[in-house]
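*Asks:* One structure is given below, represented as structure tokens, and several questions about it will come after.
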Amino acid sequence: MKRTALGAILTATALLAVFLSIRFGSVHLTNAEFFSALAGGAHRDILDLRIPRAILGLLVGGGLALSGSVFQALLRNPLAEPYI
């Protein structure tokens, strides 16, 4: 598999995960309510709580992946773990 295809698949998967984490939560919303809230409707919990939480989760996961890769490259050990 080429790198560009793999990158596209991983990006699409990450965007789908972010969308699903924004769409589904503890408060049940219909599709019409969800899309109206994205457009600036009455449900401010989507804009104030769910979107920042999803973006922060994406950034934290990327940071952990990056730090793990740097740690493995620094020690020149593909099996490096934090307890070394």
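Numbering starts fresh at 1 for the residues of each chain in the structure tokens, the chains themselves are lettered A, B, ... in the order given, and ligands are numbered from 1 as they appear.
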With only C-alpha atoms as the counted atoms, please give the residues lying no more than 9 Å from region 48-59 of chain A, apart from itself and same-chain residues fewer than 5 positions off, as a PyMOL selection string.

*Replies:* chain A and resi 14+17-19+21-23+25+64

*Asks:* Compile the contact shell of Glu33 (chain A) as a ChimeraX atom specification: residues with an atom at most 10 Å away, counting only C-alpha atoms, same-chain residues fewer than 5 positions apart removed.

*Replies:* /A:28,38-39,41-43

*Asks:* Which of region 18-83 of chain A counts as helix (DSSP H, G or I) under DSSP, as JSON, numbers by chain please?

*Replies:* {"A": [18, 19, 20, 21, 22, 23, 31, 32, 33, 34, 35, 36, 37, 38, 44, 45, 46, 47, 48, 49, 50, 51, 52, 53, 54, 55, 56, 57, 58, 59, 60, 61, 62, 63, 64, 65, 66, 67, 68, 69, 70, 71, 72, 73, 74, 75]}

*Asks:* Restrict the selected residues to C-alpha atoms and save them as a PDB file, in the first residue's frame.

*Replies:*
```pdb
ATOM      1  CA  VAL A  18     -14.029  13.177  15.484  1.00  0.00           C
ATOM      2  CA  PHE A  19     -17.396  13.515  13.738  1.00  0.00           C
ATOM      3  CA  LEU A  20     -18.855  10.549  15.624  1.00  0.00           C
ATOM      4  CA  SER A  21     -17.551  11.831  18.950  1.00  0.00           C
ATOM      5  CA  ILE A  22     -19.241  15.171  18.274  1.00  0.00           C
ATOM      6  CA  ARG A  23     -22.447  13.628  16.965  1.00  0.00           C
ATOM      7  CA  ASN A  31     -30.007  14.872  12.902  1.00  0.00           C
ATOM      8  CA  ALA A  32     -31.903  18.124  12.322  1.00  0.00           C
ATOM      9  CA  GLU A  33     -31.030  19.393  15.816  1.00  0.00           C
ATOM     10  CA  PHE A  34     -27.407  18.404  15.377  1.00  0.00           C
ATOM     11  CA  PHE A  35     -26.923  20.193  12.060  1.00  0.00           C
ATOM     12  CA  SER A  36     -28.831  23.259  13.236  1.00  0.00           C
ATOM     13  CA  ALA A  37     -26.592  23.395  16.318  1.00  0.00           C
ATOM     14  CA  LEU A  38     -23.517  23.296  14.072  1.00  0.00           C
ATOM     15  CA  ARG A  44     -24.718  25.343  22.546  1.00  0.00           C
ATOM     16  CA  ASP A  45     -23.325  22.245  24.275  1.00  0.00           C
ATOM     17  CA  ILE A  46     -22.101  20.987  20.913  1.00  0.00           C
ATOM     18  CA  LEU A  47     -20.096  24.127  20.218  1.00  0.00           C
ATOM     19  CA  ASP A  48     -19.036  24.727  23.818  1.00  0.00           C
ATOM     20  CA  LEU A  49     -18.322  21.170  25.000  1.00  0.00           C
ATOM     21  CA  ARG A  50     -18.255  18.482  22.348  1.00  0.00           C
ATOM     22  CA  ILE A  51     -16.186  20.103  19.592  1.00  0.00           C
ATOM     23  CA  PRO A  52     -13.375  21.362  21.876  1.00  0.00           C
ATOM     24  CA  ARG A  53     -13.267  17.984  23.629  1.00  0.00           C
ATOM     25  CA  ALA A  54     -13.015  16.122  20.307  1.00  0.00           C
ATOM     26  CA  ILE A  55     -10.291  18.432  18.982  1.00  0.00           C
ATOM     27  CA  LEU A  56      -8.364  18.203  22.253  1.00  0.00           C
ATOM     28  CA  GLY A  57      -8.590  14.408  22.167  1.00  0.00           C
ATOM     29  CA  LEU A  58      -7.215  14.405  18.617  1.00  0.00           C
ATOM     30  CA  LEU A  59      -4.336  16.701  19.625  1.00  0.00           C
ATOM     31  CA  VAL A  60      -3.502  14.701  22.770  1.00  0.00           C
ATOM     32  CA  GLY A  61      -3.482  11.435  20.822  1.00  0.00           C
ATOM     33  CA  GLY A  62      -1.221  12.943  18.176  1.00  0.00           C
ATOM     34  CA  GLY A  63       1.110  14.307  20.844  1.00  0.00           C
ATOM     35  CA  LEU A  64       1.366  10.931  22.548  1.00  0.00           C
ATOM     36  CA  ALA A  65       2.095   9.225  19.233  1.00  0.00           C
ATOM     37  CA  LEU A  66       4.746  11.803  18.392  1.00  0.00           C
ATOM     38  CA  SER A  67       6.426  11.564  21.780  1.00  0.00           C
ATOM     39  CA  GLY A  68       6.485   7.767  21.548  1.00  0.00           C
ATOM     40  CA  SER A  69       8.093   7.914  18.120  1.00  0.00           C
ATOM     41  CA  VAL A  70      10.698  10.421  19.317  1.00  0.00           C
ATOM     42  CA  PHE A  71      11.424   8.263  22.370  1.00  0.00           C
ATOM     43  CA  GLN A  72      11.959   5.185  20.180  1.00  0.00           C
ATOM     44  CA  ALA A  73      14.177   7.109  17.760  1.00  0.00           C
ATOM     45  CA  LEU A  74      16.192   8.659  20.584  1.00  0.00           C
ATOM     46  CA  LEU A  75      16.962   5.298  22.177  1.00  0.00           C
TER      47      LEU A  75
END
```

*Asks:* What gap, in Å, lies between CA of Met1 (chain A) and CA of Asn77 (chain A)?

*Replies:*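 Atom-to-atom, CA of Met1 (chain A) and CA of Asn77 (chain A) are spaced 25.2 Å apart.
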
*Asks:* What is the distance between CA of Val27 (chain A) and CA of Gly40 (chain A), in Å to one decimal?

*Replies:*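 Computed distance, CA of Val27 (chain A) to CA of Gly40 (chain A), equals 17.3 Å.
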
*Asks:* Report, in Å to a single decimal, how far apart CA of Arg3 (chain A) and CA of Leu15 (chain A) are.

*Replies:*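 Computing the Euclidean distance for CA of Leu15 (chain A) and CA of Arg3 (chain A) yields 18.1 Å.
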